[in-house]
Each structure stands twice: as structure tokens, then as C-alpha cells.
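Chemist: The structure is given below, and queries will be raised subsequently.
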Amino acid sequence: MTSRAFALIVGIDYYQSGNVWNLHSCVHDARRIRSWLVDDLNVPEDQICMLLDNQATKQNIEDRFMSHLMNNHAIEKGDAILIYFAGHGSVVRAPDGWFQPDSPRQNQGVEVLCTHDYETKATHGRIAGISDKSMRAMLFELSQAKGDNITLILDTCFSPGRDIEGRGSTRWTPTTKVTPDDLYRCLWYGARGRPYEDPHGFLTSQKSHVCLAACGNGSQAMEGKNGGRLTHQFFELVSELPLHRVSYVDFLDRLQQVMPPTQQPVCYGSHKERILFDAAPFGIDGRFLHVTLTDEDRLKIEAGLIHGLVEGSELSLHLHNHHCSKNPLFSAVVVEDLHPTWCFARALDPKVTLPQTCWAKITRWNNRRPFRVNLKATFTSFIRMWKFRRTFNAEGGSTSRSGLNIMRVRKPAQADISLTLGRRAITVERHDDIIATNHRRVVKIEKRTGDEVLADAARFHLHLHRRNPETPFRNLVSMELYRLHPELWTTMGGNLLHNGKAIIPYERGAIFSISLYNKSDTDLWPYLAYMDPNCYGITMLYQPDPTASSPPLPKKGHLEVGSGKPGSEALSFTLPDHERLDSGFLKLFLSPTPIAMGMIEQGPSLAWTSSVDGGSVPTSPIDSEKGNRVWDTSLASVVFLREHNS
């Protein structure tokens, strides 16, 4: 799952003007912020703009503010926006009329962020950086367009403090050549004529954003071998705290406890009581399963046979189920009593005190049949393949990062897949009959490591092939695929699925719906996944509301997915321009009770979409009724084929 977060990151060590001394770790800090967003908060790289040193001119910062944030159609209201600046701050004498006559800052000057070209000559005068008045106007306009979930982090300061002996490590510089007229000429266009009622520089309470700054007025923002003090302590804390329940105020309190009295950070903004980034990156992680401690002191986990668990499967226990928030395991358990939609497990360490409720994540599936992989080396990939092979014992098995048993075999005929590690892509040849006969036999996957591809492929095969051997709903539940009229959203033509396969001439913008029919005497909860064998991605297309008063697929009834009704958007598919065909699987899971199926999702978001979301799943009753012992699956193959004249 990718985070709905976007960032503009600025780090400046080297300044163009000889009047401004250089710094040592602002670029390092900026890169650490970017790495944290990508690696820890799962923010896609294209949602981050980073400007370093000579890239961080005043004009370029403002241009990228507009293109990457203000005019970015990918940003929706409520998405988290982070603006981070590490570099020098300074103060410039205010032009006449800048402050109101009775302002307490009338004689104190204007705070500015020093861009790379600060104090250098321009066409008219000199570059005066980005003033507090400009930044307020910029963030106000951004909040009007994209919402007020905006965080401004400033690892800089606007005064020399009392001691400037080691000024080379202070993120402040004196201004010697910029004039009040330069300041006015460099003012953000939207700030001209705006009232300036709260003249407290960058450190002021605004409704548009929350500002976390390295220190208050009159203090110094220092840097050392670990980077800026604020940024260094920021990373110390985010690695220790469950961020999904930490507010800006809480975070500031922790910062102030660990930072020296000479540099106390501050936080301003009308929304500083909010959770960091308004909790946007810390949504529910579907990989976690709900766990309860029964009255008999038995651990009941809301997953069972339909999820792929078997006796001996192992899970780790955690205190919450939120993305990107510190969540260490406190115990490990093993499944010992398995049911269709839930199971009992025992703690591997009986001395651990277990809470009444917690969350579990599968660490070892204990699949009986290992996933078999054949590793193919070429002359140019010999070294890469040699290093990768050390993961396995020849003709032996291992547990990969997927949590599945994987075996390396020498002959392709014995394997599920063959892997060749190239410099820029991994070539995957599929030997599995279901995939090889319905889809591309050979695909290339870019921007992922061999371990990642292998883990995703192993889990993909597990969920693709999983079924109930008793097939209780065989010939009783059917799935049909229809094309919809683009304006009326009524079905056009007949059912496109024949004998479990649809071959569809591709047309850009075409939309579809899926109809499920239940001829059985059992009310059912259906869960529909789209499985893309080209990237080994799995996306849930339909998950019913678990709090609904009745099952969505009643006995002798039917359900439309993608019907155009409220809460059910049409399904669409995009075929890349350079491809002649694309394909995937529709996998339907059927349960007599509501369950959590988000744990099977993996990989990038796919073109198929539905607006129906699953929430928390009610606890399944512990009884021996027939309904709790019934589950089933259905599988269909969908191929989109580009005609030669399209």
C-alpha cells in the first residue's frame, strides 16, 4: 500500500554568494527525509520532489511548489503534504508599510529562508530568498486547493543567538547586501496586498498548516556530525514511537525532552493537536489479522483455511494494525486448531502475558508443497545469480521473505518458475499450467530485486491455486462478466466469460461489471480479487461491508459488482500502448461469514477499481454449525487483445 503523501524537500549546503558561509549536513538531512518517506512511509518516489544545493534557487523552489504541489492533479484534499527546508535563515530590514504601525516587529525585520542564490545579483536588485510573508501566502493558496493537511518543517533559524563563535555550524547567516526593496520585489505574487496581522515570522499559528521549527526566536539551530539537531532527533523519535497515535504536540514534547536547553524546538498551527500528517500515512494495514483471547484463555485468530493457513502456520503478534507506525512483535504463535474462516493458536513462549485483543501477521505459511524455482544464469548475470543462489541449498528448501517454503530445482520442467537476473530487469519464465496456457509464458519485471519477485510470485501461486477440495458450491455459484454502456451503464451484449475464460477485444475507456449468481441454499459473503500474473500483483476488487445487516449474496439471489449503483464503480482496464495483449485472473472467495481478505493484497495498484471498501471484521462465532465449515473459490481468466487496427 502506497501512502497518500507528497513532499517538497530542500537541502542547501553550498551557497552561490561568497557573503554566505557554507553548511555541512543540510543535503544529508534532506536525503534522510526522502529515504524515510520512501522506505518507512511507503511514499512513491514520484510523489517526492527534492532540491539540493544549486537546484534550490528561489525561482526553482517556487516553480516546483507550483508544479509538484499546487497544480499536481494526483494530490487530493486530505492527502498529507510535507515541505521540508534545511539551510540558512536570515533577517532583512522591512520595507515601509510591510508591518502595521503598531506591530511589535516594526523594528525587528523580516524572516527569510536563504535559497541557494540568496544575496546574488538579479536583473533588478538581489535575490532576497523566500520571506515569511511569501511562505504564508503560498501555504494559504495550497491549503485552499489541496486541504490543510500541510506540515512545514524548518531546520533553520533566524537569529545568531547569543554565541556565534562556531558560526559555521549555525544555520543562520547575516544579511549584508539585500535591501528592503529587494525583499518587496521578491515577494510571492499572491502575498501582495494581503493583510499581515500576525507579524511573528514563520512561527505563527495558521489554519493552513502546522509548522515544526528547530528553535524559537532568539535561539540557534545547530548542526553537527549527525546532521541538524532537529532532524537528527526527529529520526530518533520516529523510529521509537507508534506514530499513528502521536500528535504534533506530543511529538514536540518528546523533542524538547531530548534536545538541549540552548535549542528548544517549537510547533505552531491551529491543528497542532492533530496526529502527525493527520494520520494519512498510518491507515489500516490489511496484512494484520484480529486476535482475541477467549474465556478459556485460547488465542482465536480471524483467519483459517480460506486464507491459506494450515496447522503449523506461524504468526507474529502485535499491538496494533496501522501502516508505517512502530509495531514490534511481542510474541509468536503457531496454528494448532484450524477452521474454515478462523483458527486457534498457541504461543511459542507460554510465559508471555497476552492481551485480550491484538493483531497477528503471518510469518510462515508452512505450505506442504514448496514453491519450486529454477535459477538460470547467463554469462553477464553469473555474479548476480551466484549471490542470489546462496539463499537456497541445492535441491533443498528454504523459507523466503514471503514466509513460504521455496525449493530450488535444477530442471525447468520441475519448476513453477525460472528466474534470470538481468542488470535492469528480472526475466520470469512460468511453467505453471494455469498461467502458461492462459497468459504470457515469459515476462520481464523491472525495479524489483530477485528476493522481492520471488516472494511475490510464491504468494501469488499460493492464492491462485488455493481451493476447497470438497468444492461445496460447484455449479451453484457462477460469475459472469459484461461490458457496460459508457453513458447509460447498462449491459451491452452477452456474458463474456465462457468456460471460465474471456477474450475481449481491447478498447480504451471500456467499462465492465461482474454479476454473481447464487443458486445454493446458503447466504454468502463474496470477496473478489484481480490477480495480475505480469507483475504478481493482487488487488481486492470487491470487499463487502462487514457490518451489513445481511449477506450481500443471498441464497437464490445475485449481486452486481461494478453496476454503477452508489458504492459500486464500474471496472476498467488499461492496456499499455506498446502491448498487444494483457491478461489476469478473477479469483472469487466465498464464505458464510464476513472475513478479512485484505491480507492477500500485494504489489502495485491495478487498473481494476471498485469503491466498496472492507472495514473491521466482526468476530466469527465459535460453534460447529454447518455454515462455518463451508467455503469455496472460483477462478476465471480474462485476456484483453489489441486488434491490429486499434
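Going by the C-alpha cells order, chains are called A, B, ..., each with residues numbered from 1, while ligands are numbered from 1 in the order shown.
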Would you return as number ranges by chain the members of range 280-374 of chain A that DSSP assigns to strand (DSSP E or B) on this structure's backbone?
Modeler: A: 284, 289-293, 299-301, 314-318, 322, 331-338, 343-347, 357-364, 371-374
Chemist: Determine, counting only C-alpha atoms, which protein, DNA and RNA residues have an atom within 7 Å of an atom of Leu113 in chain A; residues of the same chain fewer than 4 positions away are not included. Present the result as a PDB file with C-alpha atoms, in the first residue's frame.
Modeler:
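Ended up saving to result08.pdb:
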```pdb
ATOM      1  CA  HIS A  88      20.305  29.109   6.370  1.00  0.00           C
ATOM      2  CA  GLY A  89      17.734  31.537   7.674  1.00  0.00           C
ATOM      3  CA  SER A  90      18.231  35.277   7.980  1.00  0.00           C
ATOM      4  CA  GLY A 129      15.083  34.380  -0.595  1.00  0.00           C
ATOM      5  CA  ILE A 130      11.581  33.348   0.491  1.00  0.00           C
ATOM      6  CA  SER A 131      10.113  35.580   3.174  1.00  0.00           C
TER       7      SER A 131
END
```
Chemist: Excluding range 448-456 of chain A and any residue of its chain fewer than 3 positions from it, enumerate the residues within 10 Å of it, using only C-alpha atoms, and give them as a ChimeraX atom specification.
Modeler: /A:371,373,384-385,388,391,399-404,406,417-422,424-428,445,459-462,535-538,602-603
Chemist: Please produce an output containing C-alpha atoms for each residue in the selection, written as an mmCIF file, in the first residue's frame.
Modeler:
```
data_model
loop_
_atom_site.group_PDB
_atom_site.id
_atom_site.type_symbol
_atom_site.label_atom_id
_atom_site.label_comp_id
_atom_site.auth_asym_id
_atom_site.auth_seq_id
_atom_site.Cartn_x
_atom_site.Cartn_y
_atom_site.Cartn_z
ATOM 1 C CA PHE A 371 7.147 -23.340 -4.416
ATOM 2 C CA VAL A 373 12.161 -22.183 -8.640
ATOM 3 C CA ARG A 384 24.360 -11.725 -9.553
ATOM 4 C CA MET A 385 22.933 -15.214 -9.813
ATOM 5 C CA PHE A 388 21.226 -14.958 -5.192
ATOM 6 C CA THR A 391 19.650 -18.113 -0.432
ATOM 7 C CA THR A 399 11.715 -20.053 3.890
ATOM 8 C CA SER A 400 11.836 -16.822 1.863
ATOM 9 C CA ARG A 401 10.791 -13.320 2.835
ATOM 10 C CA SER A 402 7.328 -14.356 1.629
ATOM 11 C CA GLY A 403 7.015 -16.750 4.573
ATOM 12 C CA LEU A 404 6.566 -19.639 2.137
ATOM 13 C CA ILE A 406 10.601 -22.427 -1.516
ATOM 14 C CA ILE A 417 9.061 -20.525 -12.494
ATOM 15 C CA SER A 418 12.545 -19.920 -13.863
ATOM 16 C CA LEU A 419 14.352 -16.704 -12.923
ATOM 17 C CA THR A 420 17.112 -14.879 -14.790
ATOM 18 C CA LEU A 421 18.578 -11.833 -13.033
ATOM 19 C CA GLY A 422 19.433 -9.113 -15.544
ATOM 20 C CA ARG A 424 17.875 -3.777 -15.284
ATOM 21 C CA ALA A 425 15.122 -6.384 -15.161
ATOM 22 C CA ILE A 426 14.327 -9.874 -13.964
ATOM 23 C CA THR A 427 13.105 -12.339 -16.577
ATOM 24 C CA VAL A 428 10.467 -14.764 -15.304
ATOM 25 C CA ILE A 445 9.847 -7.237 -14.222
ATOM 26 C CA ARG A 459 2.431 -15.835 -2.545
ATOM 27 C CA PHE A 460 0.676 -15.298 -5.873
ATOM 28 C CA HIS A 461 0.793 -19.015 -6.641
ATOM 29 C CA LEU A 462 -0.426 -19.893 -3.160
ATOM 30 C CA CYS A 535 3.681 -8.241 -12.055
ATOM 31 C CA TYR A 536 2.344 -10.718 -9.456
ATOM 32 C CA GLY A 537 0.013 -8.050 -8.094
ATOM 33 C CA ILE A 538 -3.169 -8.880 -6.199
ATOM 34 C CA GLN A 602 0.315 -7.197 -2.808
ATOM 35 C CA GLY A 603 2.127 -5.204 -5.469
#
```
Chemist: Hey, what's within 6 Å of Leu641 in chain A if we count only C-alpha atoms and toss same-chain stuff fewer than 2 positions away? As a list in words, please?
Modeler: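 Residues meeting the cut-off are Pro505, Tyr506 and Leu581 of chain A.
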Chemist: Work out how far apart CA of His578 in chain A and CA of Ala529 in chain A are and give it in Å to one decimal.
Modeler: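 Computing the Euclidean distance for CA of His578 in chain A and CA of Ala529 in chain A yields 25.9 Å.
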Chemist: Please identify the alpha helix (DSSP H) residues within range 118-180 of chain A (assignment by DSSP from backbone atoms) and present them as a VMD selection string.
Modeler: chain A and resid 132 to 146 180
Chemist: Residues at most 12 Å from Leu299 in chain A, counting only C-alpha atoms, excluding those fewer than 2 positions away in the same chain, as an mmCIF file with N, CA and C atoms, in the first residue's frame?
Modeler:
```
data_model
loop_
_atom_site.group_PDB
_atom_site.id
_atom_site.type_symbol
_atom_site.label_atom_id
_atom_site.label_comp_id
_atom_site.auth_asym_id
_atom_site.auth_seq_id
_atom_site.Cartn_x
_atom_site.Cartn_y
_atom_site.Cartn_z
ATOM 1 N N HIS A 290 -7.142 -9.910 13.161
ATOM 2 C CA HIS A 290 -7.600 -9.659 14.522
ATOM 3 C C HIS A 290 -7.462 -10.908 15.383
ATOM 4 N N VAL A 291 -7.029 -10.684 16.627
ATOM 5 C CA VAL A 291 -6.806 -11.788 17.574
ATOM 6 C C VAL A 291 -7.532 -11.460 18.869
ATOM 7 N N THR A 292 -8.213 -12.459 19.433
ATOM 8 C CA THR A 292 -8.859 -12.282 20.730
ATOM 9 C C THR A 292 -8.464 -13.429 21.646
ATOM 10 N N LEU A 293 -8.430 -13.120 22.927
ATOM 11 C CA LEU A 293 -8.168 -14.128 23.953
ATOM 12 C C LEU A 293 -9.518 -14.560 24.507
ATOM 13 N N THR A 294 -9.889 -15.818 24.312
ATOM 14 C CA THR A 294 -11.207 -16.305 24.715
ATOM 15 C C THR A 294 -11.271 -16.488 26.231
ATOM 16 N N ASP A 295 -12.476 -16.768 26.706
ATOM 17 C CA ASP A 295 -12.666 -17.001 28.139
ATOM 18 C C ASP A 295 -11.888 -18.225 28.616
ATOM 19 N N GLU A 296 -11.578 -19.121 27.670
ATOM 20 C CA GLU A 296 -10.802 -20.309 28.018
ATOM 21 C C GLU A 296 -9.315 -20.082 27.838
ATOM 22 N N ASP A 297 -8.918 -18.783 27.702
ATOM 23 C CA ASP A 297 -7.513 -18.412 27.517
ATOM 24 C C ASP A 297 -6.904 -19.047 26.277
ATOM 25 N N ILE A 301 -7.725 -16.464 16.134
ATOM 26 C CA ILE A 301 -7.267 -15.600 15.055
ATOM 27 C C ILE A 301 -8.286 -15.640 13.925
ATOM 28 N N GLU A 302 -8.623 -14.448 13.398
ATOM 29 C CA GLU A 302 -9.649 -14.363 12.355
ATOM 30 C C GLU A 302 -9.085 -14.691 10.976
ATOM 31 N N ALA A 303 -8.578 -15.883 10.835
ATOM 32 C CA ALA A 303 -8.106 -16.397 9.544
ATOM 33 C C ALA A 303 -8.089 -17.914 9.637
ATOM 34 N N LEU A 315 2.599 -17.159 13.166
ATOM 35 C CA LEU A 315 2.248 -15.748 13.086
ATOM 36 C C LEU A 315 2.940 -14.994 14.214
ATOM 37 N N LEU A 317 2.639 -11.657 16.842
ATOM 38 C CA LEU A 317 1.603 -10.862 17.482
ATOM 39 C C LEU A 317 2.086 -9.433 17.691
ATOM 40 N N SER A 331 5.186 -11.500 20.670
ATOM 41 C CA SER A 331 5.123 -12.950 20.837
ATOM 42 C C SER A 331 4.945 -13.591 19.469
ATOM 43 N N ALA A 332 5.197 -14.871 19.389
ATOM 44 C CA ALA A 332 4.971 -15.650 18.173
ATOM 45 C C ALA A 332 4.055 -16.816 18.515
ATOM 46 N N VAL A 333 3.177 -17.176 17.581
ATOM 47 C CA VAL A 333 2.208 -18.247 17.822
ATOM 48 C C VAL A 333 2.218 -19.211 16.652
ATOM 49 N N VAL A 334 1.698 -20.409 16.891
ATOM 50 C CA VAL A 334 1.596 -21.434 15.859
ATOM 51 C C VAL A 334 0.165 -21.957 15.827
ATOM 52 N N VAL A 335 -0.381 -22.140 14.625
ATOM 53 C CA VAL A 335 -1.754 -22.618 14.462
ATOM 54 C C VAL A 335 -1.822 -24.097 14.839
ATOM 55 N N GLU A 336 -2.814 -24.433 15.668
ATOM 56 C CA GLU A 336 -2.952 -25.830 16.081
ATOM 57 C C GLU A 336 -4.369 -26.369 15.921
ATOM 58 N N ASP A 337 -5.352 -25.509 15.724
ATOM 59 C CA ASP A 337 -6.741 -25.956 15.575
ATOM 60 C C ASP A 337 -7.369 -25.108 14.482
ATOM 61 N N LEU A 338 -7.576 -25.686 13.299
ATOM 62 C CA LEU A 338 -7.911 -24.932 12.101
ATOM 63 C C LEU A 338 -9.372 -25.097 11.722
ATOM 64 N N TRP A 342 -11.456 -19.216 10.662
ATOM 65 C CA TRP A 342 -10.727 -18.810 11.860
ATOM 66 C C TRP A 342 -9.934 -19.997 12.375
ATOM 67 N N CYS A 343 -9.096 -19.735 13.371
ATOM 68 C CA CYS A 343 -8.287 -20.811 13.929
ATOM 69 C C CYS A 343 -7.907 -20.480 15.372
ATOM 70 N N PHE A 344 -7.478 -21.501 16.093
ATOM 71 C CA PHE A 344 -6.866 -21.320 17.397
ATOM 72 C C PHE A 344 -5.356 -21.476 17.245
ATOM 73 N N ALA A 345 -4.621 -20.728 18.040
ATOM 74 C CA ALA A 345 -3.159 -20.813 18.008
ATOM 75 C C ALA A 345 -2.628 -20.800 19.433
ATOM 76 N N ARG A 346 -1.439 -21.306 19.608
ATOM 77 C CA ARG A 346 -0.794 -21.287 20.924
ATOM 78 C C ARG A 346 0.499 -20.479 20.833
ATOM 79 N N ALA A 347 0.813 -19.815 21.924
ATOM 80 C CA ALA A 347 2.030 -19.020 21.983
ATOM 81 C C ALA A 347 3.240 -19.927 22.082
ATOM 82 N N LEU A 348 4.282 -19.624 21.327
ATOM 83 C CA LEU A 348 5.500 -20.430 21.389
ATOM 84 C C LEU A 348 6.219 -20.245 22.716
ATOM 85 N N PRO A 350 5.126 -19.781 26.428
ATOM 86 C CA PRO A 350 3.955 -19.755 27.323
ATOM 87 C C PRO A 350 4.069 -18.740 28.456
ATOM 88 N N THR A 353 2.681 -12.761 28.683
ATOM 89 C CA THR A 353 1.332 -12.332 29.050
ATOM 90 C C THR A 353 0.633 -11.768 27.822
ATOM 91 N N LEU A 354 -0.506 -12.318 27.487
ATOM 92 C CA LEU A 354 -1.205 -11.936 26.260
ATOM 93 C C LEU A 354 -2.354 -10.977 26.571
ATOM 94 N N PRO A 355 -2.538 -9.925 25.750
ATOM 95 C CA PRO A 355 -3.665 -9.004 25.951
ATOM 96 C C PRO A 355 -4.975 -9.630 25.492
ATOM 97 N N GLN A 356 -6.076 -8.987 25.847
ATOM 98 C CA GLN A 356 -7.386 -9.508 25.448
ATOM 99 C C GLN A 356 -7.588 -9.423 23.935
ATOM 100 N N THR A 357 -7.041 -8.387 23.308
ATOM 101 C CA THR A 357 -7.105 -8.256 21.851
ATOM 102 C C THR A 357 -5.760 -7.768 21.339
ATOM 103 N N CYS A 358 -5.396 -8.219 20.161
ATOM 104 C CA CYS A 358 -4.172 -7.758 19.496
ATOM 105 C C CYS A 358 -4.290 -8.121 18.019
ATOM 106 N N TRP A 359 -3.150 -8.096 17.319
ATOM 107 C CA TRP A 359 -3.165 -8.323 15.874
ATOM 108 C C TRP A 359 -2.042 -9.275 15.499
ATOM 109 N N ALA A 360 -2.283 -10.075 14.470
ATOM 110 C CA ALA A 360 -1.306 -11.081 14.056
ATOM 111 C C ALA A 360 -0.955 -10.915 12.591
#
```
Chemist: Neighbouring residues of Leu305 in chain A were defined as those with any atom within 10 Å, considering only C-alpha atoms; residues of the same chain fewer than 5 positions away were excluded. Please report them as a PyMOL selection string.
Modeler: chain A and resi 310-311+338-343+466-468+629+631-632
